[in-house]
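See below for structure_14.txt, which holds compact mmCIF, C-alpha atoms and all ligand atoms.
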```txt
# COMPACT_ATOMS: atom_id res chain seq x y z
CA MET A 1 -9.76 7.96 -0.99
CA ARG A 2 -7.90 11.28 -1.04
CA VAL A 3 -5.15 11.44 1.58
CA LEU A 4 -3.04 14.28 2.98
CA VAL A 5 0.25 13.43 4.74
CA LEU A 6 1.60 16.11 7.10
CA GLY A 7 5.34 16.46 7.56
CA SER A 8 8.47 16.61 5.44
CA GLY A 9 10.87 13.85 6.43
CA GLY A 10 11.86 10.34 5.43
CA ARG A 11 8.97 8.97 7.46
CA GLU A 12 6.50 11.01 5.42
CA HIS A 13 8.14 9.92 2.17
CA ALA A 14 7.74 6.30 3.30
CA LEU A 15 4.09 6.94 4.27
CA ALA A 16 3.35 8.53 0.88
CA ARG A 17 5.03 5.63 -0.90
CA ALA A 18 3.06 3.00 1.03
CA LEU A 19 -0.22 4.91 0.57
CA ARG A 20 0.34 4.97 -3.17
CA ARG A 21 0.39 1.18 -3.18
CA ASP A 22 -3.17 1.07 -1.77
CA PRO A 23 -5.59 0.72 -4.72
CA SER A 24 -8.31 2.56 -2.78
CA VAL A 25 -6.09 5.64 -2.43
CA THR A 26 -6.82 7.84 -5.44
CA ALA A 27 -4.65 10.85 -4.53
CA VAL A 28 -1.76 11.46 -2.13
CA HIS A 29 -1.05 15.04 -1.11
CA CYS A 30 1.79 16.15 1.18
CA GLY A 31 2.03 19.24 3.35
CA PRO A 32 4.71 20.35 2.89
CA GLY A 33 6.44 17.12 1.77
CA ASN A 34 9.94 17.17 0.28
CA PRO A 35 11.62 16.75 -3.13
CA GLY A 36 11.22 12.97 -2.78
CA THR A 37 7.48 13.09 -2.12
CA ALA A 38 7.15 15.53 -5.05
CA LEU A 39 8.01 12.64 -7.37
CA ILE A 40 5.14 10.43 -6.14
CA ALA A 41 2.58 12.82 -4.66
CA GLU A 42 1.46 16.44 -4.82
CA ASN A 43 3.29 18.76 -2.46
CA HIS A 44 1.68 21.87 -0.94
CA GLN A 45 3.41 24.74 0.81
CA LEU A 46 2.09 24.54 4.34
CA ASP A 47 3.07 24.92 7.97
CA PRO A 48 1.79 21.52 9.13
CA ALA A 49 1.65 22.75 12.74
CA ASP A 50 -0.85 25.50 11.87
CA PRO A 51 -4.27 23.91 12.58
CA LYS A 52 -6.26 26.52 10.65
CA ALA A 53 -4.05 26.27 7.56
CA VAL A 54 -4.22 22.46 7.62
CA VAL A 55 -8.02 22.40 7.89
CA GLU A 56 -8.32 24.92 5.04
CA LEU A 57 -6.01 22.92 2.77
CA ALA A 58 -7.77 19.64 3.60
CA GLN A 59 -11.15 21.21 2.79
CA ARG A 60 -9.90 22.77 -0.43
CA LEU A 61 -8.49 19.42 -1.61
CA ALA A 62 -11.56 17.43 -0.42
CA ILE A 63 -9.26 15.26 1.69
CA GLU A 64 -10.86 12.19 3.25
CA LEU A 65 -7.99 11.20 5.52
CA VAL A 66 -5.17 13.21 7.07
CA VAL A 67 -2.13 11.28 8.33
CA ILE A 68 0.02 13.19 10.81
CA GLY A 69 3.77 12.50 10.82
CA PRO A 70 5.62 14.69 13.36
CA GLU A 71 4.90 15.05 17.08
CA VAL A 72 5.04 18.86 16.94
CA VAL A 73 2.00 18.76 14.66
CA LEU A 74 0.12 16.60 17.17
CA MET A 75 1.14 18.84 20.05
CA ALA A 76 -0.09 21.90 18.13
CA GLY A 77 -3.63 20.44 18.20
CA VAL A 78 -3.93 19.74 14.48
CA GLY A 79 -5.72 16.43 15.12
CA ASP A 80 -8.25 18.22 17.35
CA ALA A 81 -8.91 20.89 14.71
CA LEU A 82 -9.38 18.35 11.90
CA ARG A 83 -11.82 16.24 13.91
CA ARG A 84 -13.76 19.35 14.91
CA ALA A 85 -14.06 20.14 11.20
CA GLY A 86 -15.34 16.62 10.53
CA ILE A 87 -12.22 15.45 8.69
CA ALA A 88 -10.93 11.95 9.47
CA CYS A 89 -7.47 12.12 11.00
CA PHE A 90 -4.91 9.48 11.87
CA GLY A 91 -3.04 10.95 14.84
CA PRO A 92 -4.15 11.58 18.43
CA ASP A 93 -5.49 14.86 19.72
CA ARG A 94 -3.27 17.12 21.77
CA ARG A 95 -4.28 15.74 25.16
CA ALA A 96 -3.60 12.11 24.24
CA ALA A 97 -0.34 13.04 22.47
CA LYS A 98 0.95 14.07 25.90
CA ILE A 99 1.90 10.43 26.26
CA GLU A 100 4.92 11.51 24.20
CA GLY A 101 5.01 15.21 25.06
CA SER A 102 5.29 14.76 28.82
CA LYS A 103 7.39 12.01 30.35
CA ALA A 104 5.69 12.61 33.70
CA PHE A 105 2.26 12.06 32.10
CA ALA A 106 3.51 8.88 30.41
CA LYS A 107 4.76 7.60 33.76
CA GLU A 108 1.40 8.45 35.36
CA ILE A 109 -0.47 6.46 32.70
CA MET A 110 1.91 3.52 33.08
CA ALA A 111 1.57 3.51 36.86
CA ALA A 112 -2.23 3.67 36.68
CA ALA A 113 -2.37 0.83 34.13
CA SER A 114 0.38 -1.31 35.75
CA ILE A 115 2.53 -1.15 32.62
CA PRO A 116 6.10 -2.36 33.23
CA THR A 117 8.59 0.50 32.97
CA ALA A 118 11.71 1.85 34.68
CA ALA A 119 11.13 3.03 38.23
CA ALA A 120 11.28 6.82 38.23
CA TYR A 121 11.12 9.94 40.35
CA VAL A 122 9.65 13.16 39.05
CA CYS A 123 11.81 15.82 40.73
CA GLU A 124 10.96 19.46 41.35
CA SER A 125 14.13 20.50 43.21
CA ARG A 126 17.87 19.86 43.17
CA ASP A 127 17.67 18.03 46.52
CA GLU A 128 15.11 15.65 45.04
CA VAL A 129 17.37 15.05 42.03
CA VAL A 130 20.35 14.27 44.27
CA ALA A 131 18.27 11.88 46.36
CA ALA A 132 16.92 10.13 43.24
CA LEU A 133 20.38 9.75 41.64
CA ASP A 134 21.72 8.23 44.83
CA ALA A 135 18.72 5.95 45.24
CA PHE A 136 19.34 4.34 41.81
CA GLY A 137 23.13 4.64 41.54
CA PRO A 138 24.98 4.63 38.19
CA PRO A 139 24.47 4.54 35.25
CA TYR A 140 22.28 7.60 35.75
CA VAL A 141 19.28 8.34 33.50
CA VAL A 142 18.10 11.96 33.60
CA LYS A 143 15.26 13.19 31.41
CA ASP A 144 13.89 16.64 30.74
CA ASP A 145 10.11 16.52 31.12
CA GLY A 146 9.31 18.10 27.80
CA LEU A 147 9.21 17.43 24.10
CA ALA A 148 12.90 17.14 23.21
CA ALA A 149 13.07 14.43 20.52
CA GLY A 150 15.51 12.26 22.46
CA LYS A 151 17.81 15.21 23.10
CA GLY A 152 16.36 15.73 26.57
CA VAL A 153 17.80 12.43 27.79
CA VAL A 154 21.22 11.88 29.31
CA VAL A 155 22.48 8.42 30.22
CA THR A 156 25.83 8.64 31.98
CA GLY A 157 28.03 7.06 34.62
CA ASP A 158 29.22 10.53 35.61
CA ARG A 159 27.24 11.89 38.56
CA ALA A 160 28.38 15.48 37.96
CA ALA A 161 27.25 15.30 34.31
CA ALA A 162 23.90 13.86 35.42
CA LEU A 163 23.43 16.74 37.89
CA ASP A 164 24.52 19.27 35.27
CA HIS A 165 21.85 18.04 32.87
CA ALA A 166 19.22 18.13 35.62
CA ASP A 167 20.16 21.73 36.44
CA GLY A 168 19.34 22.72 32.87
CA CYS A 169 15.86 21.15 32.94
CA GLU A 170 12.65 22.67 34.20
CA ARG A 171 11.14 19.47 35.56
CA VAL A 172 13.28 16.37 35.73
CA VAL A 173 12.54 12.66 35.61
CA VAL A 174 15.30 10.50 37.12
CA GLU A 175 15.01 6.85 36.15
CA GLU A 176 16.31 3.43 36.89
CA TYR A 177 18.74 2.29 34.16
CA LEU A 178 17.33 -0.34 31.79
CA ASP A 179 19.77 -2.86 30.43
CA GLY A 180 19.14 -4.94 27.32
CA PRO A 181 18.35 -4.50 23.62
CA GLU A 182 15.78 -1.96 22.51
CA VAL A 183 12.80 -2.71 20.27
CA SER A 184 10.31 -0.34 18.67
CA LEU A 185 6.78 -1.64 18.33
CA PHE A 186 4.11 0.43 16.59
CA ALA A 187 0.44 -0.29 17.24
CA LEU A 188 -2.27 1.22 15.04
CA CYS A 189 -5.09 2.34 17.32
CA ASP A 190 -8.70 3.42 16.73
CA GLY A 191 -9.39 4.64 20.25
CA VAL A 192 -10.51 1.22 21.48
CA GLN A 193 -8.81 -1.49 19.40
CA ALA A 194 -5.21 -1.87 18.29
CA VAL A 195 -3.22 -3.96 15.82
CA PRO A 196 0.57 -4.27 15.94
CA LEU A 197 2.99 -3.72 13.08
CA LEU A 198 6.23 -5.70 12.80
CA PRO A 199 8.73 -4.87 15.53
CA ALA A 200 11.86 -3.03 14.39
CA GLN A 201 15.17 -1.94 15.85
CA ASP A 202 16.59 1.54 15.61
CA PHE A 203 20.23 2.66 16.02
CA LYS A 204 20.18 5.83 18.09
CA ARG A 205 23.87 6.62 18.52
CA ALA A 206 25.72 8.54 15.84
CA HIS A 207 28.64 6.17 15.30
CA ASP A 208 29.44 2.49 14.75
CA GLY A 209 29.39 0.26 17.80
CA ASP A 210 26.83 2.53 19.50
CA ALA A 211 29.44 5.21 20.14
CA GLY A 212 28.86 8.96 20.01
CA PRO A 213 25.89 11.14 20.86
CA ASN A 214 22.19 10.21 20.72
CA THR A 215 20.49 11.07 17.43
CA GLY A 216 17.00 10.82 16.01
CA GLY A 217 18.06 7.42 14.61
CA MET A 218 20.84 6.42 12.18
CA GLY A 219 19.26 3.30 10.72
CA ALA A 220 16.77 0.52 11.34
CA TYR A 221 15.77 -2.96 10.30
CA THR A 222 12.89 -5.38 10.46
CA PRO A 223 12.06 -8.17 11.25
CA LEU A 224 14.03 -9.08 14.38
CA PRO A 225 15.26 -12.66 14.02
CA TRP A 226 16.51 -12.65 17.61
CA ALA A 227 13.27 -11.46 19.25
CA PRO A 228 11.75 -13.93 21.69
CA PRO A 229 8.66 -15.74 20.38
CA GLY A 230 5.47 -14.18 21.65
CA LEU A 231 7.07 -10.75 22.19
CA VAL A 232 4.46 -8.86 20.16
CA GLU A 233 1.50 -10.58 21.84
CA GLU A 234 3.05 -9.92 25.25
CA VAL A 235 3.57 -6.23 24.51
CA MET A 236 0.03 -5.89 23.16
CA ALA A 237 -1.38 -7.52 26.31
CA THR A 238 0.81 -5.84 28.95
CA VAL A 239 1.59 -2.46 27.38
CA VAL A 240 -0.50 -1.33 24.41
CA ARG A 241 -4.01 -2.44 25.39
CA PRO A 242 -3.67 -1.28 29.03
CA ALA A 243 -2.42 2.12 27.84
CA LEU A 244 -5.30 2.45 25.36
CA ASP A 245 -7.84 1.47 28.03
CA GLU A 246 -6.37 3.92 30.53
CA LEU A 247 -6.48 6.79 28.03
CA ARG A 248 -10.04 5.92 27.03
CA HIS A 249 -11.16 5.90 30.67
CA ARG A 250 -9.65 9.35 31.01
CA GLU A 251 -11.73 10.42 28.03
CA MET A 252 -8.76 10.90 25.75
CA PRO A 253 -9.33 8.06 23.27
CA TYR A 254 -6.15 7.38 21.38
CA VAL A 255 -6.38 7.38 17.57
CA GLY A 256 -3.07 6.97 15.79
CA VAL A 257 0.16 5.05 16.24
CA LEU A 258 1.13 4.22 19.75
CA TYR A 259 4.87 3.70 19.53
CA ALA A 260 6.22 1.63 22.40
CA GLY A 261 9.97 2.03 22.84
CA LEU A 262 10.91 -1.10 24.76
CA ALA A 263 13.94 -2.51 26.54
CA LEU A 264 14.16 -6.30 26.78
CA THR A 265 15.84 -6.46 30.17
CA SER A 266 16.87 -9.50 32.19
CA GLN A 267 13.78 -8.75 34.32
CA GLY A 268 11.49 -8.78 31.29
CA VAL A 269 10.03 -6.22 28.90
CA ARG A 270 10.06 -2.59 30.09
CA VAL A 271 8.74 0.54 28.39
CA VAL A 272 11.50 3.09 27.83
CA GLU A 273 9.16 5.63 26.31
CA PHE A 274 5.94 6.12 24.40
CA ASN A 275 5.72 8.16 21.24
CA ALA A 276 2.50 9.35 19.68
CA ARG A 277 3.58 8.92 16.04
CA PHE A 278 5.43 6.66 13.66
CA GLY A 279 9.11 6.29 14.59
CA ASP A 280 11.75 7.55 12.22
CA PRO A 281 13.55 5.67 10.60
CA GLU A 282 11.84 2.43 11.76
CA THR A 283 8.73 3.35 9.75
CA GLN A 284 10.77 3.28 6.55
CA VAL A 285 11.49 -0.45 6.97
CA VAL A 286 8.21 -1.50 8.60
CA LEU A 287 6.02 0.06 5.90
CA ASP A 288 8.23 -1.44 3.21
CA ARG A 289 7.19 -4.89 4.39
CA LEU A 290 3.48 -4.16 4.90
CA ALA A 291 1.30 -5.91 2.30
CA THR A 292 -2.07 -4.87 3.78
CA PRO A 293 -3.22 -1.63 2.07
CA LEU A 294 -2.13 1.19 4.37
CA GLY A 295 -4.73 3.85 3.54
CA THR A 296 -7.65 1.56 4.29
CA LEU A 297 -6.02 0.56 7.56
CA LEU A 298 -5.32 4.10 8.76
CA GLN A 299 -8.79 5.22 7.69
CA ALA A 300 -10.35 2.41 9.76
CA CYS A 301 -8.40 3.70 12.76
CA ALA A 302 -9.45 7.30 12.13
CA LEU A 303 -13.11 6.24 11.91
CA GLY A 304 -13.00 4.05 15.04
CA ALA A 305 -13.69 0.99 12.92
CA LEU A 306 -10.59 -1.17 13.25
CA ASP A 307 -11.33 -4.90 13.17
CA PRO A 308 -9.60 -6.32 16.27
CA GLU A 309 -9.35 -9.74 14.60
CA LEU A 310 -7.51 -8.25 11.65
CA GLU A 311 -4.26 -10.04 10.85
CA LEU A 312 -1.99 -7.83 8.82
CA ALA A 313 -0.24 -9.30 5.79
CA TRP A 314 3.53 -8.92 5.41
CA TYR A 315 5.87 -9.49 2.52
CA PRO A 316 8.40 -12.16 3.38
CA GLY A 317 12.03 -11.13 3.74
CA ALA A 318 13.67 -8.16 5.41
CA ALA A 319 14.32 -4.45 5.04
CA VAL A 320 17.23 -2.32 6.27
CA THR A 321 17.51 1.46 6.14
CA VAL A 322 20.75 3.41 6.46
CA VAL A 323 20.59 7.12 7.25
CA VAL A 324 22.98 9.36 5.36
CA ALA A 325 23.55 12.25 7.76
CA ALA A 326 24.97 15.71 7.16
CA GLU A 327 28.40 16.78 8.31
CA ASN A 328 28.35 17.59 12.02
CA TYR A 329 24.98 15.88 12.70
CA PRO A 330 23.61 15.76 15.37
CA ALA A 331 25.39 18.79 16.91
CA ALA A 332 25.00 21.47 14.21
CA PRO A 333 24.40 19.84 10.83
CA VAL A 334 25.78 21.61 7.78
CA LYS A 335 23.08 22.38 5.21
CA GLY A 336 23.03 23.45 1.57
CA ASP A 337 25.54 21.00 0.04
CA PRO A 338 24.78 19.35 -3.31
CA ILE A 339 23.76 15.69 -3.28
CA THR A 340 24.58 13.47 -6.24
CA GLY A 341 24.34 9.79 -7.11
CA LEU A 342 20.66 9.30 -6.30
CA ASP A 343 19.78 7.82 -9.68
CA ALA A 344 22.63 5.33 -9.46
CA ALA A 345 21.57 4.43 -5.90
CA ASP A 346 17.96 3.96 -6.99
CA ALA A 347 19.15 1.74 -9.86
CA VAL A 348 20.65 -0.79 -7.43
CA PRO A 349 18.28 -3.78 -7.46
CA ASP A 350 16.13 -4.06 -4.33
CA ALA A 351 17.20 -0.67 -3.02
CA TYR A 352 15.71 2.82 -3.12
CA VAL A 353 16.27 6.24 -1.62
CA LEU A 354 13.85 8.20 0.55
CA HIS A 355 14.36 11.91 1.10
CA ALA A 356 14.60 13.03 4.73
CA GLY A 357 16.28 16.45 4.73
CA THR A 358 16.68 17.66 1.16
CA LYS A 359 15.67 20.72 -0.84
CA ASP A 360 15.56 21.65 -4.51
CA ASP A 361 17.87 24.57 -5.14
CA PHE A 362 17.17 26.36 -8.45
CA ASP A 363 20.67 26.37 -9.90
CA ARG A 364 22.40 23.63 -7.99
CA GLY A 365 19.79 20.89 -8.03
CA LEU A 366 19.23 18.80 -4.92
CA VAL A 367 20.95 20.03 -1.75
CA SER A 368 21.03 18.90 1.87
CA ASN A 369 18.55 20.64 4.16
CA GLY A 370 18.60 18.80 7.49
CA GLY A 371 20.61 16.61 9.82
CA ARG A 372 19.35 13.33 8.46
CA VAL A 373 19.47 13.84 4.70
CA LEU A 374 18.53 10.53 3.08
CA ASN A 375 17.25 7.10 4.08
CA VAL A 376 18.65 4.40 1.84
CA VAL A 377 16.44 1.31 2.03
CA GLY A 378 17.54 -2.15 0.96
CA THR A 379 15.34 -5.23 0.85
CA GLY A 380 16.11 -8.90 0.44
CA ALA A 381 15.25 -12.45 1.35
CA ASP A 382 16.96 -11.97 4.71
CA LEU A 383 18.71 -9.22 6.67
CA ALA A 384 22.12 -10.02 5.20
CA ALA A 385 20.80 -9.56 1.65
CA ALA A 386 18.80 -6.45 2.60
CA ARG A 387 21.77 -4.75 4.24
CA GLY A 388 23.99 -5.69 1.31
CA ASN A 389 21.58 -3.93 -1.06
CA ALA A 390 21.21 -0.88 1.20
CA TYR A 391 24.97 -0.41 1.50
CA ALA A 392 25.52 -1.04 -2.22
CA ALA A 393 23.15 1.88 -2.87
CA VAL A 394 24.73 4.11 -0.18
CA GLU A 395 28.07 3.77 -2.00
CA HIS A 396 26.66 5.75 -4.95
CA ILE A 397 25.64 8.76 -2.88
CA ALA A 398 27.95 11.73 -2.71
CA LEU A 399 27.41 14.53 -0.17
CA ARG A 400 30.41 16.45 1.11
CA GLY A 401 31.19 15.70 4.74
CA SER A 402 28.28 13.27 5.16
CA HIS A 403 28.49 10.24 7.42
CA HIS A 404 26.56 7.03 7.98
CA ARG A 405 26.86 4.00 10.22
CA ARG A 406 28.35 0.89 8.67
CA ASP A 407 26.96 -1.55 11.21
CA ILE A 408 23.19 -1.23 10.77
CA ALA A 409 21.66 -4.73 11.24
CA GLU A 410 25.14 -6.28 11.19
CA GLN A 411 24.74 -8.33 14.38
CA ALA A 412 21.14 -9.28 13.63
CA ALA A 413 22.09 -10.48 10.14
CA LYS A 414 24.42 -13.03 11.73
CA HIS A 415 21.64 -14.45 13.84
P1 LIG B 501 13.76 8.63 25.35
O1 LIG B 501 13.71 10.04 24.81
O2 LIG B 501 13.06 8.46 26.65
O3 LIG B 501 13.38 7.66 24.31
O4 LIG B 501 15.29 8.24 25.55
C1 LIG B 501 16.20 8.25 24.47
C2 LIG B 501 17.16 7.08 24.60
O5 LIG B 501 17.84 7.11 25.85
C3 LIG B 501 16.44 5.73 24.59
O6 LIG B 501 16.17 5.28 23.32
C4 LIG B 501 17.46 4.86 25.30
O7 LIG B 501 18.47 4.46 24.42
C5 LIG B 501 18.03 5.79 26.32
N1 LIG B 501 17.29 5.61 27.60
C6 LIG B 501 16.18 6.26 27.98
N2 LIG B 501 15.74 5.82 29.19
C7 LIG B 501 16.60 4.86 29.58
C8 LIG B 501 16.69 4.02 30.74
N3 LIG B 501 15.82 4.10 31.75
N4 LIG B 501 17.71 3.15 30.78
C9 LIG B 501 18.62 3.06 29.78
N5 LIG B 501 18.58 3.82 28.67
C10 LIG B 501 17.60 4.72 28.56
N1 LIG B 502 13.48 6.36 15.96
C1 LIG B 502 13.24 7.08 17.14
C2 LIG B 502 12.12 8.02 17.07
O1 LIG B 502 11.43 8.16 16.08
O2 LIG B 502 11.88 8.66 18.08
```
When written as structure tokens, how does the structure in this file appear?
Ligand code: AMP
Ligand code: GLY
Amino acid sequence: MRVLVLGSGGREHALARALRRDPSVTAVHCGPGNPGTALIAENHQLDPADPKAVVELAQRLAIELVVIGPEVVLMAGVGDALRRAGIACFGPDRRAAKIEGSKAFAKEIMAAASIPTAAAYVCESRDEVVAALDAFGPPYVVKDDGLAAGKGVVVTGDRAAALDHADGCERVVVEEYLDGPEVSLFALCDGVQAVPLLPAQDFKRAHDGDAGPNTGGMGAYTPLPWAPPGLVEEVMATVVRPALDELRHREMPYVGVLYAGLALTSQGVRVVEFNARFGDPETQVVLDRLATPLGTLLQACALGALDPELELAWYPGAAVTVVVAAENYPAAPVKGDPITGLDAADAVPDAYVLHAGTKDDFDRGLVSNGGRVLNVVGTGADLAAARGNAYAAVEHIALRGSHHRRDIAEQAAKH
């Protein structure tokens, strides 16, 4: 099978790496990919959010499966265009991807399917926002109803700051605050059936101890030794399958990853958000542990032929990924600085480096080219060993001004 992966981050590097392990995958192409994917796959210059360009490239390369990484590509209708052209695609069409692209739509689906989530008001005016904030009380949760990659969300005890954020949004969702640890669960869906991957935990704040601003994610680990038994089955039964059924009844069958961002509150499991794609950087650890061949699995989803009885196989042990971020990430990351030490990091046993935001610069070699620059993955018999290996590898990396969290999986490793 010839596969094309769309996107250019650490998630896409992890996807390409896992696809390469599938004996039925004969070629992995990336559009556009990054310097890391160039080492294991064939990169192609491409705007992955240009449906026509993607279809042309897929036809030229005789691609049999396209795997879509980023949400912007889904929202641009690339899945729709590929399916229209008769090319199998893992990733929902534009209408179904609205489950991520519009928080109001996600809330509507959850209400219709009785999926447990935070109570919320969709507000069209300042008066409605004020009334909603006062109905819930602090801490206030205010969300911009658009695609904002986590940046559209403010959680604050400060009413004035909450109102300020709402003033800057076009349409606002004000939510009940959800207390409790967060879990990311990815389900692979074929429109009708779904199978879950291992749950993972992501670290969204920039600094140790969950301080600092929200980011795209500073690290992740799997499995979750502290998760209650039966969590995955419960989420499949109360969240994933009802959402799939609801979308199918609305004639927007969902083909791709349904990413349930969950809070395990004292009242039970609640959905914080849905995403229509693999989460980054959780994917880097989850795919590391997957023993079932990935290409075959994603192709079954794309063809509507997923076996609902399928039990995925997992390597024993744990994986931890630590994000090395650029100076001043997430505010205004500095780009273009040389990165060294990758070979030494890769040489650490049970550790490897995925490229997230890097670029090959003719004279200077590898330079930073994004906010999240590298994902350093460590594996081991348990979380303590995996995080030890990840951090041992991080030590070798040199990038001026870069920062990373030192507490990824620290608590969980003590469990
Ligand atoms: P979202 O873009 O909806 O995923 O929100 C980004 C982050 O904000 C989430 O991962 C949570 O950490 C936090 N958040 C969102 N909604 C809530 C909520 N209702 N209660 C508490 N925290 C929230
Ligand atoms: N890890 C959070 C996200 O991918 O949205």
Query raised in the report: Hey, can you check how far atom CA of Gly137 of chain A sits from atom CA of Val174 of chain A?
Result: 10.7 Å
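Around Glu282 of chain A, within 9 Å and counting all atoms listed in the file, the residues found are Arg11, Ser184, Pro199, Ala200, Gln201, Asp202, Gly217, Gly219, Ala220, Tyr221, Thr222 and Thr321 of chain A, once anything fewer than 6 positions away on its own chain is removed.
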Per residue of chain A within 8 Å of ligand LIG 502 (chain B), what are the shortest atom pair and its distance in Å to one decimal, counting only C-alpha atoms and all ligand atoms, with rows by chain and residue number, as JSON lines?
```
{"residue": "A:Ala149", "atom": "CA", "partner": "B:LIG502", "partner_atom": "O2", "distance": 6.4}
{"residue": "A:Gly150", "atom": "CA", "partner": "B:LIG502", "partner_atom": "O2", "distance": 6.7}
{"residue": "A:Ser184", "atom": "CA", "partner": "B:LIG502", "partner_atom": "N1", "distance": 7.9}
{"residue": "A:Asp202", "atom": "CA", "partner": "B:LIG502", "partner_atom": "N1", "distance": 5.7}
{"residue": "A:Phe203", "atom": "CA", "partner": "B:LIG502", "partner_atom": "N1", "distance": 7.7}
{"residue": "A:Lys204", "atom": "CA", "partner": "B:LIG502", "partner_atom": "N1", "distance": 7.1}
{"residue": "A:Gly216", "atom": "CA", "partner": "B:LIG502", "partner_atom": "C1", "distance": 5.4}
{"residue": "A:Gly217", "atom": "CA", "partner": "B:LIG502", "partner_atom": "N1", "distance": 4.9}
{"residue": "A:Asn275", "atom": "CA", "partner": "B:LIG502", "partner_atom": "O2", "distance": 6.9}
{"residue": "A:Arg277", "atom": "CA", "partner": "B:LIG502", "partner_atom": "O1", "distance": 7.9}
{"residue": "A:Phe278", "atom": "CA", "partner": "B:LIG502", "partner_atom": "O1", "distance": 6.6}
{"residue": "A:Gly279", "atom": "CA", "partner": "B:LIG502", "partner_atom": "O1", "distance": 3.3}
{"residue": "A:Asp280", "atom": "CA", "partner": "B:LIG502", "partner_atom": "O1", "distance": 3.9}
{"residue": "A:Pro281", "atom": "CA", "partner": "B:LIG502", "partner_atom": "N1", "distance": 5.4}
{"residue": "A:Glu282", "atom": "CA", "partner": "B:LIG502", "partner_atom": "N1", "distance": 6.0}
```
Query raised in the report: Looking at only C-alpha atoms and all ligand atoms, which of A:Ala302, A:Ala118, A:Leu231, A:Ala166 is the one that sits closest to ligand LIG 501 (chain B)?
Result: A:Ala118
**Report entry** Close residues, Ala76 of chain A itself excluded, 12 Å, only C-alpha atoms, min 3 positions apart in chain, as a PyMOL selection string
**Finding:** chain A and resi 47-52+54+68+70-73+79-82+91-95+97-98+101+147
Would you mind exporting the chosen residues as a short mmCIF file (atom, residue, chain, number, x, y, z; two decimals), keeping the file's coordinate frame, restricted to C-alpha atoms?
```
data_model
loop_
_atom_site.label_atom_id
_atom_site.label_comp_id
_atom_site.auth_asym_id
_atom_site.auth_seq_id
_atom_site.Cartn_x
_atom_site.Cartn_y
_atom_site.Cartn_z
CA ASP A 47 3.07 24.92 7.97
CA PRO A 48 1.79 21.52 9.13
CA ALA A 49 1.65 22.75 12.74
CA ASP A 50 -0.85 25.50 11.87
CA PRO A 51 -4.27 23.91 12.58
CA LYS A 52 -6.26 26.52 10.65
CA VAL A 54 -4.22 22.46 7.62
CA ILE A 68 0.02 13.19 10.81
CA PRO A 70 5.62 14.69 13.36
CA GLU A 71 4.90 15.05 17.08
CA VAL A 72 5.04 18.86 16.94
CA VAL A 73 2.00 18.76 14.66
CA GLY A 79 -5.72 16.43 15.12
CA ASP A 80 -8.25 18.22 17.35
CA ALA A 81 -8.91 20.89 14.71
CA LEU A 82 -9.38 18.35 11.90
CA GLY A 91 -3.04 10.95 14.84
CA PRO A 92 -4.15 11.58 18.43
CA ASP A 93 -5.49 14.86 19.72
CA ARG A 94 -3.27 17.12 21.77
CA ARG A 95 -4.28 15.74 25.16
CA ALA A 97 -0.34 13.04 22.47
CA LYS A 98 0.95 14.07 25.90
CA GLY A 101 5.01 15.21 25.06
CA LEU A 147 9.21 17.43 24.10
#
```
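The nearest approach to ligand LIG 501 (chain B) among the residues A:Ile99, A:Val394, A:Ala113, A:Cys123, with only C-alpha atoms and all ligand atoms taken into account, belongs to A:Ile99.
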Could you make a table, as a tab-separated table, of the residues of chain A that have an atom within 7 Å of an atom of ligand LIG 501 (chain B), each with its nearest atom pair and distance in Å to one decimal, counting all atoms listed in the file, in chain and number order?
```
residue	atom	partner	partner_atom	distance
A:Ala118	CA	B:LIG501	N3	5.5
A:Val141	CA	B:LIG501	C8	5.7
A:Ala149	CA	B:LIG501	O1	6.2
A:Gly150	CA	B:LIG501	O1	3.7
A:Lys151	CA	B:LIG501	O1	6.8
A:Gly152	CA	B:LIG501	O1	6.5
A:Val153	CA	B:LIG501	O4	5.4
A:Val154	CA	B:LIG501	O5	6.8
A:Val155	CA	B:LIG501	N5	6.2
A:Glu175	CA	B:LIG501	N3	5.3
A:Glu176	CA	B:LIG501	N3	5.2
A:Tyr177	CA	B:LIG501	N4	3.6
A:Leu178	CA	B:LIG501	N4	3.7
A:Asp179	CA	B:LIG501	C9	6.1
A:Lys204	CA	B:LIG501	O6	6.6
A:Gly261	CA	B:LIG501	O3	6.7
A:Val272	CA	B:LIG501	N2	5.2
A:Glu273	CA	B:LIG501	O2	4.8
```
Report summary line: Restricting to all atoms listed in the file, whichever of A:Asn369, A:Ser102, A:Thr283, A:Gln267 is closest to Ala187 of chain A is A:Thr283
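Atom pair atom CA of Gly370 of chain A / atom CA of Pro333 of chain A: separated by 6.8 Å.
Nearest residue to His44 of chain A, choosing from A:Val28, A:Val67, A:Cys89, A:Val232 and counting all atoms listed in the file: A:Val28.
Of the residues under consideration (A:Val192, A:Ala27, A:Leu310, A:Val285), A:Val192 shows the shortest atom-to-atom contact distance to Met252 of chain A when counting all atoms listed in the file.
Candidate residues A:Pro181, A:Pro293, A:Gly191, A:Gly212 were compared for distance to Arg17 of chain A, and the nearest is A:Pro293, using only C-alpha atoms.
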